[in-house]
$ cat start-v1.tsv   # TSV, N, CA and C atoms and all ligand atoms
chain	number	residue	atom	x	y	z
R	1	MET	N	-20.77	-35.68	230.14
R	1	MET	CA	-21.02	-36.60	229.02
R	1	MET	C	-22.51	-36.84	228.82
R	2	GLU	N	-23.28	-35.97	229.42
R	2	GLU	CA	-24.73	-36.22	229.33
R	2	GLU	C	-25.25	-36.04	227.90
R	3	TRP	N	-24.62	-35.13	227.16
R	3	TRP	CA	-25.10	-34.81	225.80
R	3	TRP	C	-25.03	-36.03	224.88
R	4	ILE	N	-24.07	-36.91	225.19
R	4	ILE	CA	-23.94	-38.10	224.34
R	4	ILE	C	-25.18	-38.97	224.47
R	5	TRP	N	-25.72	-39.00	225.70
R	5	TRP	CA	-26.93	-39.79	225.90
R	5	TRP	C	-28.09	-39.20	225.13
R	6	TRP	N	-28.13	-37.87	225.13
R	6	TRP	CA	-29.20	-37.21	224.38
R	6	TRP	C	-29.08	-37.52	222.89
R	7	LEU	N	-27.83	-37.48	222.43
R	7	LEU	CA	-27.57	-37.78	221.04
R	7	LEU	C	-28.03	-39.21	220.74
R	8	PHE	N	-27.69	-40.08	221.67
R	8	PHE	CA	-28.03	-41.49	221.55
R	8	PHE	C	-29.54	-41.67	221.45
R	9	VAL	N	-30.24	-41.01	222.40
R	9	VAL	CA	-31.70	-41.10	222.42
R	9	VAL	C	-32.28	-40.55	221.12
R	10	PHE	N	-31.68	-39.40	220.72
R	10	PHE	CA	-32.16	-38.75	219.50
R	10	PHE	C	-32.03	-39.71	218.31
R	11	PHE	N	-30.91	-40.37	218.22
R	11	PHE	CA	-30.69	-41.27	217.09
R	11	PHE	C	-31.62	-42.47	217.14
R	12	ILE	N	-31.79	-42.98	218.35
R	12	ILE	CA	-32.66	-44.16	218.48
R	12	ILE	C	-34.07	-43.82	218.07
R	13	VAL	N	-34.59	-42.70	218.65
R	13	VAL	CA	-35.97	-42.33	218.34
R	13	VAL	C	-36.12	-42.00	216.86
R	14	GLY	N	-35.21	-41.11	216.38
R	14	GLY	CA	-35.27	-40.72	214.98
R	14	GLY	C	-35.07	-41.91	214.08
R	15	GLY	N	-34.06	-42.70	214.40
R	15	GLY	CA	-33.75	-43.87	213.58
R	15	GLY	C	-34.90	-44.84	213.51
R	16	PHE	N	-35.49	-45.13	214.66
R	16	PHE	CA	-36.60	-46.07	214.67
R	16	PHE	C	-37.77	-45.53	213.86
R	17	GLY	N	-37.98	-44.22	214.04
R	17	GLY	CA	-39.08	-43.60	213.29
R	17	GLY	C	-38.86	-43.75	211.81
R	18	TRP	N	-37.62	-43.52	211.39
R	18	TRP	CA	-37.30	-43.58	209.96
R	18	TRP	C	-37.46	-45.00	209.44
R	19	VAL	N	-36.94	-45.96	210.23
R	19	VAL	CA	-37.05	-47.36	209.80
R	19	VAL	C	-38.51	-47.77	209.69
R	20	ALA	N	-39.28	-47.36	210.71
R	20	ALA	CA	-40.69	-47.73	210.70
R	20	ALA	C	-41.40	-47.12	209.50
R	21	ASP	N	-41.05	-45.85	209.21
R	21	ASP	CA	-41.66	-45.17	208.08
R	21	ASP	C	-41.34	-45.84	206.76
R	22	THR	N	-40.04	-46.10	206.57
R	22	THR	CA	-39.63	-46.73	205.32
R	22	THR	C	-40.29	-48.09	205.19
R	23	GLY	N	-40.30	-48.80	206.29
R	23	GLY	CA	-40.92	-50.12	206.27
R	23	GLY	C	-42.38	-50.02	205.87
R	24	ARG	N	-43.06	-49.06	206.46
R	24	ARG	CA	-44.48	-48.90	206.16
R	24	ARG	C	-44.69	-48.57	204.68
R	25	THR	N	-43.84	-47.63	204.18
R	25	THR	CA	-44.00	-47.24	202.77
R	25	THR	C	-43.72	-48.43	201.86
R	26	ALA	N	-42.67	-49.17	202.20
R	26	ALA	CA	-42.32	-50.32	201.38
R	26	ALA	C	-43.47	-51.32	201.37
R	27	LEU	N	-44.00	-51.57	202.55
R	27	LEU	CA	-45.11	-52.51	202.66
R	27	LEU	C	-46.30	-52.02	201.84
R	28	HIS	N	-46.53	-50.71	201.95
R	28	HIS	CA	-47.67	-50.12	201.27
R	28	HIS	C	-47.54	-50.29	199.76
R	29	THR	N	-46.35	-49.90	199.22
R	29	THR	CA	-46.20	-50.00	197.77
R	29	THR	C	-46.24	-51.46	197.34
R	30	ARG	N	-45.68	-52.34	198.17
R	30	ARG	CA	-45.71	-53.75	197.80
R	30	ARG	C	-47.15	-54.22	197.72
R	31	HIS	N	-47.93	-53.79	198.69
R	31	HIS	CA	-49.34	-54.16	198.72
R	31	HIS	C	-50.05	-53.62	197.48
R	32	GLU	N	-49.73	-52.34	197.15
R	32	GLU	CA	-50.37	-51.72	195.99
R	32	GLU	C	-50.00	-52.46	194.72
R	33	ARG	N	-48.73	-52.81	194.63
R	33	ARG	CA	-48.26	-53.50	193.43
R	33	ARG	C	-48.96	-54.85	193.30
R	34	MET	N	-49.14	-55.50	194.46
R	34	MET	CA	-49.81	-56.79	194.43
R	34	MET	C	-51.26	-56.63	193.97
R	35	MET	N	-51.91	-55.57	194.49
R	35	MET	CA	-53.29	-55.33	194.10
R	35	MET	C	-53.38	-55.05	192.60
R	36	GLU	N	-52.40	-54.30	192.09
R	36	GLU	CA	-52.37	-54.00	190.66
R	36	GLU	C	-52.25	-55.27	189.85
R	37	ARG	N	-51.34	-56.15	190.31
R	37	ARG	CA	-51.14	-57.40	189.60
R	37	ARG	C	-52.42	-58.24	189.63
R	38	LEU	N	-53.06	-58.25	190.79
R	38	LEU	CA	-54.31	-59.00	190.92
R	38	LEU	C	-55.37	-58.45	189.98
R	39	LYS	N	-55.41	-57.12	189.90
R	39	LYS	CA	-56.40	-56.46	189.05
R	39	LYS	C	-56.14	-56.79	187.58
R	40	LEU	N	-54.85	-56.78	187.22
R	40	LEU	CA	-54.48	-57.12	185.84
R	40	LEU	C	-54.92	-58.52	185.49
R	41	ALA	N	-54.64	-59.46	186.43
R	41	ALA	CA	-55.02	-60.85	186.21
R	41	ALA	C	-56.53	-60.95	186.06
R	42	GLU	N	-57.23	-60.21	186.87
R	42	GLU	CA	-58.69	-60.22	186.84
R	42	GLU	C	-59.19	-59.70	185.49
R	43	ASP	N	-58.59	-58.58	185.03
R	43	ASP	CA	-58.97	-58.01	183.74
R	43	ASP	C	-58.73	-59.01	182.62
R	44	GLU	N	-57.58	-59.69	182.68
R	44	GLU	CA	-57.24	-60.66	181.66
R	44	GLU	C	-58.26	-61.79	181.63
R	45	ARG	N	-58.63	-62.23	182.83
R	45	ARG	CA	-59.59	-63.32	182.94
R	45	ARG	C	-60.93	-62.89	182.34
R	46	LYS	N	-61.31	-61.66	182.63
R	46	LYS	CA	-62.58	-61.14	182.12
R	46	LYS	C	-62.54	-61.05	180.60
R	47	ALA	N	-61.41	-60.57	180.07
R	47	ALA	CA	-61.27	-60.44	178.61
R	47	ALA	C	-61.38	-61.80	177.96
R	48	LEU	N	-60.74	-62.80	178.58
R	48	LEU	CA	-60.79	-64.17	178.06
R	48	LEU	C	-62.22	-64.67	178.06
R	49	GLU	N	-62.90	-64.46	179.19
R	49	GLU	CA	-64.29	-64.89	179.33
R	49	GLU	C	-65.14	-64.24	178.25
R	50	GLU	N	-64.89	-62.96	178.05
R	50	GLU	CA	-65.64	-62.17	177.06
R	50	GLU	C	-65.43	-62.77	175.68
R	51	ALA	N	-64.19	-63.17	175.39
R	51	ALA	CA	-63.86	-63.68	174.07
R	51	ALA	C	-64.55	-65.01	173.80
R	52	HIS	N	-64.76	-65.80	174.86
R	52	HIS	CA	-65.35	-67.12	174.67
R	52	HIS	C	-66.86	-67.09	174.71
R	53	LYS	N	-67.39	-66.00	175.24
R	53	LYS	CA	-68.85	-65.90	175.36
R	53	LYS	C	-69.44	-65.56	174.00
R	54	PRO	N	-70.57	-66.14	173.64
R	54	PRO	CA	-71.20	-65.72	172.40
R	54	PRO	C	-71.69	-64.29	172.56
R	55	PRO	N	-71.69	-63.53	171.48
R	55	PRO	CA	-72.10	-62.13	171.60
R	55	PRO	C	-73.56	-62.02	171.99
R	56	VAL	N	-73.89	-61.00	172.74
R	56	VAL	CA	-75.28	-60.78	173.14
R	56	VAL	C	-76.04	-60.30	171.91
R	57	PRO	N	-77.10	-60.99	171.54
R	57	PRO	CA	-77.82	-60.58	170.34
R	57	PRO	C	-78.66	-59.33	170.58
R	58	VAL	N	-77.98	-58.19	170.52
R	58	VAL	CA	-78.67	-56.92	170.71
R	58	VAL	C	-78.59	-56.14	169.41
R	59	CYS	N	-79.73	-55.63	169.00
R	59	CYS	CA	-79.85	-54.93	167.72
R	59	CYS	C	-79.24	-53.52	167.80
R	60	GLY	N	-79.05	-52.93	166.65
R	60	GLY	CA	-78.57	-51.55	166.59
R	60	GLY	C	-79.51	-50.58	167.26
R	61	CYS	N	-80.79	-50.95	167.38
R	61	CYS	CA	-81.76	-50.09	168.04
R	61	CYS	C	-81.71	-50.29	169.55
R	62	THR	N	-80.72	-51.00	170.03
R	62	THR	CA	-80.44	-51.29	171.45
R	62	THR	C	-81.40	-52.31	172.06
R	63	HIS	N	-82.30	-52.87	171.27
R	63	HIS	CA	-83.22	-53.86	171.82
R	63	HIS	C	-82.77	-55.27	171.48
R	64	HIS	N	-83.12	-56.18	172.35
R	64	HIS	CA	-82.70	-57.56	172.22
R	64	HIS	C	-83.35	-58.22	171.01
R	65	LEU	N	-82.68	-59.20	170.45
R	65	LEU	CA	-83.19	-59.95	169.30
R	65	LEU	C	-84.60	-60.48	169.58
R	66	ALA	N	-84.84	-60.88	170.81
R	66	ALA	CA	-86.13	-61.46	171.17
R	66	ALA	C	-87.27	-60.46	170.99
R	67	LYS	N	-86.97	-59.18	170.96
R	67	LYS	CA	-88.01	-58.16	170.81
R	67	LYS	C	-88.40	-57.98	169.35
R	68	HIS	N	-87.66	-58.61	168.45
R	68	HIS	CA	-87.93	-58.46	167.02
R	68	HIS	C	-88.72	-59.67	166.54
R	69	ASP	N	-89.68	-59.43	165.64
R	69	ASP	CA	-90.44	-60.57	165.12
R	69	ASP	C	-89.66	-61.22	163.98
R	70	LYS	N	-90.29	-62.23	163.37
R	70	LYS	CA	-89.59	-63.02	162.36
R	70	LYS	C	-89.17	-62.18	161.17
R	71	ARG	N	-89.93	-61.13	160.89
R	71	ARG	CA	-89.57	-60.30	159.75
R	71	ARG	C	-88.59	-59.21	160.15
R	72	GLY	N	-88.22	-59.18	161.40
R	72	GLY	CA	-87.18	-58.25	161.83
R	72	GLY	C	-87.70	-56.99	162.48
R	73	LYS	N	-89.01	-56.80	162.47
R	73	LYS	CA	-89.59	-55.59	163.04
R	73	LYS	C	-89.49	-55.63	164.57
R	74	CYS	N	-89.07	-54.51	165.14
R	74	CYS	CA	-88.90	-54.46	166.58
R	74	CYS	C	-90.22	-54.09	167.24
R	75	HIS	N	-90.57	-54.77	168.30
R	75	HIS	CA	-91.84	-54.52	168.98
R	75	HIS	C	-91.66	-53.87	170.34
R	76	GLU	N	-90.46	-53.46	170.63
R	76	GLU	CA	-90.22	-52.84	171.94
R	76	GLU	C	-90.76	-51.41	171.95
R	77	ASP	N	-91.27	-51.00	173.10
R	77	ASP	CA	-91.73	-49.62	173.25
R	77	ASP	C	-90.54	-48.72	173.54
R	78	VAL	N	-90.58	-47.54	172.98
R	78	VAL	CA	-89.55	-46.55	173.30
R	78	VAL	C	-90.23	-45.25	173.69
R	79	GLU	N	-89.51	-44.44	174.44
R	79	GLU	CA	-90.05	-43.13	174.80
R	79	GLU	C	-89.54	-42.11	173.80
R	80	VAL	N	-90.45	-41.43	173.16
R	80	VAL	CA	-90.09	-40.44	172.16
R	80	VAL	C	-90.49	-39.07	172.68
R	81	ALA	N	-89.59	-38.13	172.60
R	81	ALA	CA	-89.90	-36.77	173.05
R	81	ALA	C	-90.87	-36.13	172.07
R	82	THR	N	-91.91	-35.49	172.61
R	82	THR	CA	-92.88	-34.84	171.74
R	82	THR	C	-92.91	-33.33	171.96
R	83	GLU	N	-92.32	-32.87	173.05
R	83	GLU	CA	-92.29	-31.43	173.33
R	83	GLU	C	-90.95	-31.07	173.92
R	84	TRP	N	-90.43	-29.93	173.48
R	84	TRP	CA	-89.14	-29.49	173.96
R	84	TRP	C	-89.23	-28.07	174.52
R	85	ASP	N	-88.39	-27.74	175.45
R	85	ASP	CA	-88.35	-26.34	175.90
R	85	ASP	C	-87.32	-25.60	175.04
R	86	GLU	N	-87.09	-24.32	175.34
R	86	GLU	CA	-86.23	-23.52	174.45
R	86	GLU	C	-84.78	-24.01	174.46
R	87	ASP	N	-84.39	-24.75	175.52
R	87	ASP	CA	-83.04	-25.30	175.55
R	87	ASP	C	-82.96	-26.65	174.84
R	88	LYS	N	-84.01	-26.99	174.13
R	88	LYS	CA	-84.09	-28.26	173.41
R	88	LYS	C	-84.07	-29.44	174.39
R	89	LYS	N	-84.52	-29.18	175.59
R	89	LYS	CA	-84.63	-30.28	176.55
R	89	LYS	C	-86.02	-30.86	176.44
R	90	PRO	N	-86.14	-32.17	176.29
R	90	PRO	CA	-87.47	-32.75	176.13
R	90	PRO	C	-88.34	-32.52	177.38
R	91	LEU	N	-89.58	-32.13	177.14
R	91	LEU	CA	-90.52	-31.89	178.24
R	91	LEU	C	-91.50	-33.04	178.39
R	92	LYS	N	-91.94	-33.54	177.25
R	92	LYS	CA	-92.95	-34.61	177.27
R	92	LYS	C	-92.46	-35.79	176.46
R	93	TYR	N	-92.83	-36.93	176.95
R	93	TYR	CA	-92.48	-38.15	176.23
R	93	TYR	C	-93.75	-38.89	175.87
R	94	GLU	N	-93.65	-39.63	174.78
R	94	GLU	CA	-94.76	-40.48	174.39
R	94	GLU	C	-94.20	-41.87	174.16
R	95	ARG	N	-94.97	-42.86	174.57
R	95	ARG	CA	-94.50	-44.22	174.32
R	95	ARG	C	-94.93	-44.64	172.92
R	96	ARG	N	-93.95	-45.06	172.16
R	96	ARG	CA	-94.24	-45.52	170.81
R	96	ARG	C	-93.48	-46.80	170.57
R	97	GLN	N	-93.93	-47.49	169.54
R	97	GLN	CA	-93.21	-48.69	169.18
R	97	GLN	C	-91.92	-48.29	168.50
R	98	CYS	N	-90.86	-49.03	168.82
R	98	CYS	CA	-89.57	-48.77	168.20
R	98	CYS	C	-89.73	-48.84	166.68
R	99	ASN	N	-89.15	-47.91	165.96
R	99	ASN	CA	-89.37	-47.94	164.51
R	99	ASN	C	-88.29	-48.72	163.76
R	100	CYS	N	-87.60	-49.57	164.47
R	100	CYS	CA	-86.59	-50.42	163.84
R	100	CYS	C	-87.28	-51.41	162.91
R	101	GLN	N	-86.81	-51.54	161.68
R	101	GLN	CA	-87.46	-52.40	160.69
R	101	GLN	C	-86.76	-53.75	160.56
R	102	GLN	N	-85.53	-53.79	160.98
R	102	GLN	CA	-84.81	-55.04	160.81
R	102	GLN	C	-83.77	-55.21	161.90
R	103	TYR	N	-83.72	-56.43	162.41
R	103	TYR	CA	-82.72	-56.70	163.44
R	103	TYR	C	-81.34	-56.68	162.81
R	104	ILE	N	-80.48	-55.84	163.36
R	104	ILE	CA	-79.10	-55.82	162.90
R	104	ILE	C	-78.21	-55.97	164.12
R	105	GLY	N	-77.57	-57.10	164.20
R	105	GLY	CA	-76.72	-57.36	165.35
R	105	GLY	C	-76.23	-58.78	165.29
R	106	PRO	N	-75.46	-59.18	166.28
R	106	PRO	CA	-74.93	-60.55	166.27
R	106	PRO	C	-76.04	-61.58	166.34
R	107	GLN	N	-75.91	-62.63	165.54
R	107	GLN	CA	-76.88	-63.73	165.57
R	107	GLN	C	-76.39	-64.78	166.56
R	108	PRO	N	-77.28	-65.29	167.38
R	108	PRO	CA	-76.86	-66.39	168.26
R	108	PRO	C	-76.48	-67.60	167.43
R	109	LEU	N	-75.48	-68.34	167.89
R	109	LEU	CA	-74.98	-69.49	167.13
R	109	LEU	C	-76.08	-70.45	166.75
R	110	SER	N	-76.99	-70.74	167.67
R	110	SER	CA	-78.03	-71.74	167.41
R	110	SER	C	-78.86	-71.33	166.20
R	111	LYS	N	-79.09	-70.02	166.03
R	111	LYS	CA	-79.91	-69.54	164.92
R	111	LYS	C	-79.16	-69.71	163.61
R	112	ILE	N	-77.86	-69.45	163.62
R	112	ILE	CA	-77.07	-69.60	162.40
R	112	ILE	C	-77.12	-71.06	161.94
R	113	TYR	N	-76.93	-71.99	162.87
R	113	TYR	CA	-76.97	-73.40	162.51
R	113	TYR	C	-78.34	-73.77	161.98
R	114	ALA	N	-79.38	-73.29	162.61
R	114	ALA	CA	-80.74	-73.61	162.20
R	114	ALA	C	-80.97	-73.10	160.79
R	115	ASP	N	-80.52	-71.89	160.50
R	115	ASP	CA	-80.69	-71.34	159.16
R	115	ASP	C	-79.98	-72.19	158.11
R	116	GLU	N	-78.77	-72.60	158.44
R	116	GLU	CA	-78.01	-73.41	157.49
R	116	GLU	C	-78.72	-74.72	157.20
R	117	LEU	N	-79.28	-75.32	158.25
R	117	LEU	CA	-79.98	-76.60	158.09
R	117	LEU	C	-81.22	-76.41	157.23
R	118	THR	N	-81.98	-75.35	157.45
R	118	THR	CA	-83.21	-75.16	156.67
R	118	THR	C	-82.84	-74.83	155.21
R	119	ASP	N	-81.70	-74.19	154.99
R	119	ASP	CA	-81.28	-73.90	153.62
R	119	ASP	C	-81.03	-75.16	152.81
R	120	LEU	N	-80.56	-76.20	153.47
R	120	LEU	CA	-80.21	-77.44	152.79
R	120	LEU	C	-81.45	-78.17	152.25
R	121	GLU	N	-82.57	-77.95	152.92
R	121	GLU	CA	-83.77	-78.70	152.51
R	121	GLU	C	-84.33	-78.24	151.16
S	1	ZN	ZN	-83.91	-53.46	166.20
S	2	ZN	ZN	-85.95	-51.69	168.74

$ encode --input "start-v1.tsv" --output "structure tokens"
Amino acid sequence: MEWIWWLFVFFIVGGFGWVADTGRTALHTRHERMMERLKLAEDERKALEEAHKPPVPVCGCTHHLAKHDKRGKCHEDVEVATEWDEDKKPLKYERRQCNCQQYIGPQPLSKIYADELTDLE
């Protein structure tokens, strides 16, 4: 009857291994699902925050509103390519003033209110 013991041992070892494996996988996926849910909540929170935040006053020329003077001219320096190689890859850059003539982008709320007030006068 020795073979029965072997069978017994085989089942115990195999069975335990299987239970441990399934348990581990279940735990793993549960953990992953929880992380996913946490990430979703985080994304939602960020989207909400984004919606309540005033837009960053950045012009179409990628420069901040503060870089533009009262008439809208941008005073930020930009690097302009002046020489290219045969692959049209720029070789040399020159610093020039941004040629943006007018700020185009979201206006900060305070500026909109100020404009409205000065219009009334
Ligand atoms: Zn600009
Ligand atoms: Zn600019």

$ residues_near_ligand --input "start-v1.tsv" --ligand "ligand ZN 1 (chain S)" --cutoff "12 Å" --atoms "only C-alpha atoms and all ligand atoms" --output "NGL selection string"
:R and (57-78 or 97-106)

$ write_last_selection --input "start-v1.tsv" --atoms "N, CA and C atoms" --output "JSON list (two decimals), in the coordinates of the input"
[["chain", "number", "residue", "atom", "x", "y", "z"],
["R", 57, "PRO", "N", -77.10, -60.99, 171.54],
["R", 57, "PRO", "CA", -77.82, -60.58, 170.34],
["R", 57, "PRO", "C", -78.66, -59.33, 170.58],
["R", 58, "VAL", "N", -77.98, -58.19, 170.52],
["R", 58, "VAL", "CA", -78.67, -56.92, 170.71],
["R", 58, "VAL", "C", -78.59, -56.14, 169.41],
["R", 59, "CYS", "N", -79.73, -55.63, 169.00],
["R", 59, "CYS", "CA", -79.85, -54.93, 167.72],
["R", 59, "CYS", "C", -79.24, -53.52, 167.80],
["R", 60, "GLY", "N", -79.05, -52.93, 166.65],
["R", 60, "GLY", "CA", -78.57, -51.55, 166.59],
["R", 60, "GLY", "C", -79.51, -50.58, 167.26],
["R", 61, "CYS", "N", -80.79, -50.95, 167.38],
["R", 61, "CYS", "CA", -81.76, -50.09, 168.04],
["R", 61, "CYS", "C", -81.71, -50.29, 169.55],
["R", 62, "THR", "N", -80.72, -51.00, 170.03],
["R", 62, "THR", "CA", -80.44, -51.29, 171.45],
["R", 62, "THR", "C", -81.40, -52.31, 172.06],
["R", 63, "HIS", "N", -82.30, -52.87, 171.27],
["R", 63, "HIS", "CA", -83.22, -53.86, 171.82],
["R", 63, "HIS", "C", -82.77, -55.27, 171.48],
["R", 64, "HIS", "N", -83.12, -56.18, 172.35],
["R", 64, "HIS", "CA", -82.70, -57.56, 172.22],
["R", 64, "HIS", "C", -83.35, -58.22, 171.01],
["R", 65, "LEU", "N", -82.68, -59.20, 170.45],
["R", 65, "LEU", "CA", -83.19, -59.95, 169.30],
["R", 65, "LEU", "C", -84.60, -60.48, 169.58],
["R", 66, "ALA", "N", -84.84, -60.88, 170.81],
["R", 66, "ALA", "CA", -86.13, -61.46, 171.17],
["R", 66, "ALA", "C", -87.27, -60.46, 170.99],
["R", 67, "LYS", "N", -86.97, -59.18, 170.96],
["R", 67, "LYS", "CA", -88.01, -58.16, 170.81],
["R", 67, "LYS", "C", -88.40, -57.98, 169.35],
["R", 68, "HIS", "N", -87.66, -58.61, 168.45],
["R", 68, "HIS", "CA", -87.93, -58.46, 167.02],
["R", 68, "HIS", "C", -88.72, -59.67, 166.54],
["R", 69, "ASP", "N", -89.68, -59.43, 165.64],
["R", 69, "ASP", "CA", -90.44, -60.57, 165.12],
["R", 69, "ASP", "C", -89.66, -61.22, 163.98],
["R", 70, "LYS", "N", -90.29, -62.23, 163.37],
["R", 70, "LYS", "CA", -89.59, -63.02, 162.36],
["R", 70, "LYS", "C", -89.17, -62.18, 161.17],
["R", 71, "ARG", "N", -89.93, -61.13, 160.89],
["R", 71, "ARG", "CA", -89.57, -60.30, 159.75],
["R", 71, "ARG", "C", -88.59, -59.21, 160.15],
["R", 72, "GLY", "N", -88.22, -59.18, 161.40],
["R", 72, "GLY", "CA", -87.18, -58.25, 161.83],
["R", 72, "GLY", "C", -87.70, -56.99, 162.48],
["R", 73, "LYS", "N", -89.01, -56.80, 162.47],
["R", 73, "LYS", "CA", -89.59, -55.59, 163.04],
["R", 73, "LYS", "C", -89.49, -55.63, 164.57],
["R", 74, "CYS", "N", -89.07, -54.51, 165.14],
["R", 74, "CYS", "CA", -88.90, -54.46, 166.58],
["R", 74, "CYS", "C", -90.22, -54.09, 167.24],
["R", 75, "HIS", "N", -90.57, -54.77, 168.30],
["R", 75, "HIS", "CA", -91.84, -54.52, 168.98],
["R", 75, "HIS", "C", -91.66, -53.87, 170.34],
["R", 76, "GLU", "N", -90.46, -53.46, 170.63],
["R", 76, "GLU", "CA", -90.22, -52.84, 171.94],
["R", 76, "GLU", "C", -90.76, -51.41, 171.95],
["R", 77, "ASP", "N", -91.27, -51.00, 173.10],
["R", 77, "ASP", "CA", -91.73, -49.62, 173.25],
["R", 77, "ASP", "C", -90.54, -48.72, 173.54],
["R", 78, "VAL", "N", -90.58, -47.54, 172.98],
["R", 78, "VAL", "CA", -89.55, -46.55, 173.30],
["R", 78, "VAL", "C", -90.23, -45.25, 173.69],
["R", 97, "GLN", "N", -93.93, -47.49, 169.54],
["R", 97, "GLN", "CA", -93.21, -48.69, 169.18],
["R", 97, "GLN", "C", -91.92, -48.29, 168.50],
["R", 98, "CYS", "N", -90.86, -49.03, 168.82],
["R", 98, "CYS", "CA", -89.57, -48.77, 168.20],
["R", 98, "CYS", "C", -89.73, -48.84, 166.68],
["R", 99, "ASN", "N", -89.15, -47.91, 165.96],
["R", 99, "ASN", "CA", -89.37, -47.94, 164.51],
["R", 99, "ASN", "C", -88.29, -48.72, 163.76],
["R", 100, "CYS", "N", -87.60, -49.57, 164.47],
["R", 100, "CYS", "CA", -86.59, -50.42, 163.84],
["R", 100, "CYS", "C", -87.28, -51.41, 162.91],
["R", 101, "GLN", "N", -86.81, -51.54, 161.68],
["R", 101, "GLN", "CA", -87.46, -52.40, 160.69],
["R", 101, "GLN", "C", -86.76, -53.75, 160.56],
["R", 102, "GLN", "N", -85.53, -53.79, 160.98],
["R", 102, "GLN", "CA", -84.81, -55.04, 160.81],
["R", 102, "GLN", "C", -83.77, -55.21, 161.90],
["R", 103, "TYR", "N", -83.72, -56.43, 162.41],
["R", 103, "TYR", "CA", -82.72, -56.70, 163.44],
["R", 103, "TYR", "C", -81.34, -56.68, 162.81],
["R", 104, "ILE", "N", -80.48, -55.84, 163.36],
["R", 104, "ILE", "CA", -79.10, -55.82, 162.90],
["R", 104, "ILE", "C", -78.21, -55.97, 164.12],
["R", 105, "GLY", "N", -77.57, -57.10, 164.20],
["R", 105, "GLY", "CA", -76.72, -57.36, 165.35],
["R", 105, "GLY", "C", -76.23, -58.78, 165.29],
["R", 106, "PRO", "N", -75.46, -59.18, 166.28],
["R", 106, "PRO", "CA", -74.93, -60.55, 166.27],
["R", 106, "PRO", "C", -76.04, -61.58, 166.34]]

$ atom_distance --input "start-v1.tsv" --atom1 "atom C of Arg96 (chain R)" --atom2 "atom N of Glu83 (chain R)"
14.2 Å

$ residues_around --input "start-v1.tsv" --residues "Tyr93 (chain R)" --least-positions-apart "3" --cutoff "7 Å" --atoms "only N, CA and C atoms" --output "PyMOL selection string"
chain R and resi 79-83+90

$ write_last_selection --input "start-v1.tsv" --atoms "N, CA and C atoms" --output "PDB file, in the frame of the given file"
ATOM      1  N   GLU R  79     -89.510 -44.440 174.440  1.00  0.00           N
ATOM      2  CA  GLU R  79     -90.050 -43.130 174.800  1.00  0.00           C
ATOM      3  C   GLU R  79     -89.540 -42.110 173.800  1.00  0.00           C
ATOM      4  N   VAL R  80     -90.450 -41.430 173.160  1.00  0.00           N
ATOM      5  CA  VAL R  80     -90.090 -40.440 172.160  1.00  0.00           C
ATOM      6  C   VAL R  80     -90.490 -39.070 172.680  1.00  0.00           C
ATOM      7  N   ALA R  81     -89.590 -38.130 172.600  1.00  0.00           N
ATOM      8  CA  ALA R  81     -89.900 -36.770 173.050  1.00  0.00           C
ATOM      9  C   ALA R  81     -90.870 -36.130 172.070  1.00  0.00           C
ATOM     10  N   THR R  82     -91.910 -35.490 172.610  1.00  0.00           N
ATOM     11  CA  THR R  82     -92.880 -34.840 171.740  1.00  0.00           C
ATOM     12  C   THR R  82     -92.910 -33.330 171.960  1.00  0.00           C
ATOM     13  N   GLU R  83     -92.320 -32.870 173.050  1.00  0.00           N
ATOM     14  CA  GLU R  83     -92.290 -31.430 173.330  1.00  0.00           C
ATOM     15  C   GLU R  83     -90.950 -31.070 173.920  1.00  0.00           C
ATOM     16  N   PRO R  90     -86.140 -32.170 176.290  1.00  0.00           N
ATOM     17  CA  PRO R  90     -87.470 -32.750 176.130  1.00  0.00           C
ATOM     18  C   PRO R  90     -88.340 -32.520 177.380  1.00  0.00           C
TER      19      PRO R  90
END

$ atom_distance --input "start-v1.tsv" --atom1 "CA of Leu48 (chain R)" --atom2 "atom C of Met34 (chain R)"
20.0 Å

$ atom_distance --input "start-v1.tsv" --atom1 "CA of Phe8 (chain R)" --atom2 "atom N of Thr25 (chain R)"
24.3 Å

$ select_by_dssp --input "start-v1.tsv" --residues "region 2-112 of chain R" --states "strand (DSSP E)" --output "list in words"
Asp77, Val78, Glu79, Val80, Ala81, Thr82, Glu83, Trp84, Pro90, Leu91, Lys92, Tyr93, Glu94, Arg95, Arg96 and Gln97 of chain R

$ select_by_dssp --input "start-v1.tsv" --residues "chain R" --states "helix (DSSP H, G or I)" --output "PyMOL selection string"
chain R and resi 2-52+65-67+109-120

$ axis_aligned_box --input "start-v1.tsv" --around "region 78-83 of chain R" --padding-each-side "8 Å" --output "JSON"
{"center_x": -91.2, "center_y": -39.3, "center_z": 173.3, "size_x": 19.4, "size_y": 32.5, "size_z": 19.1}
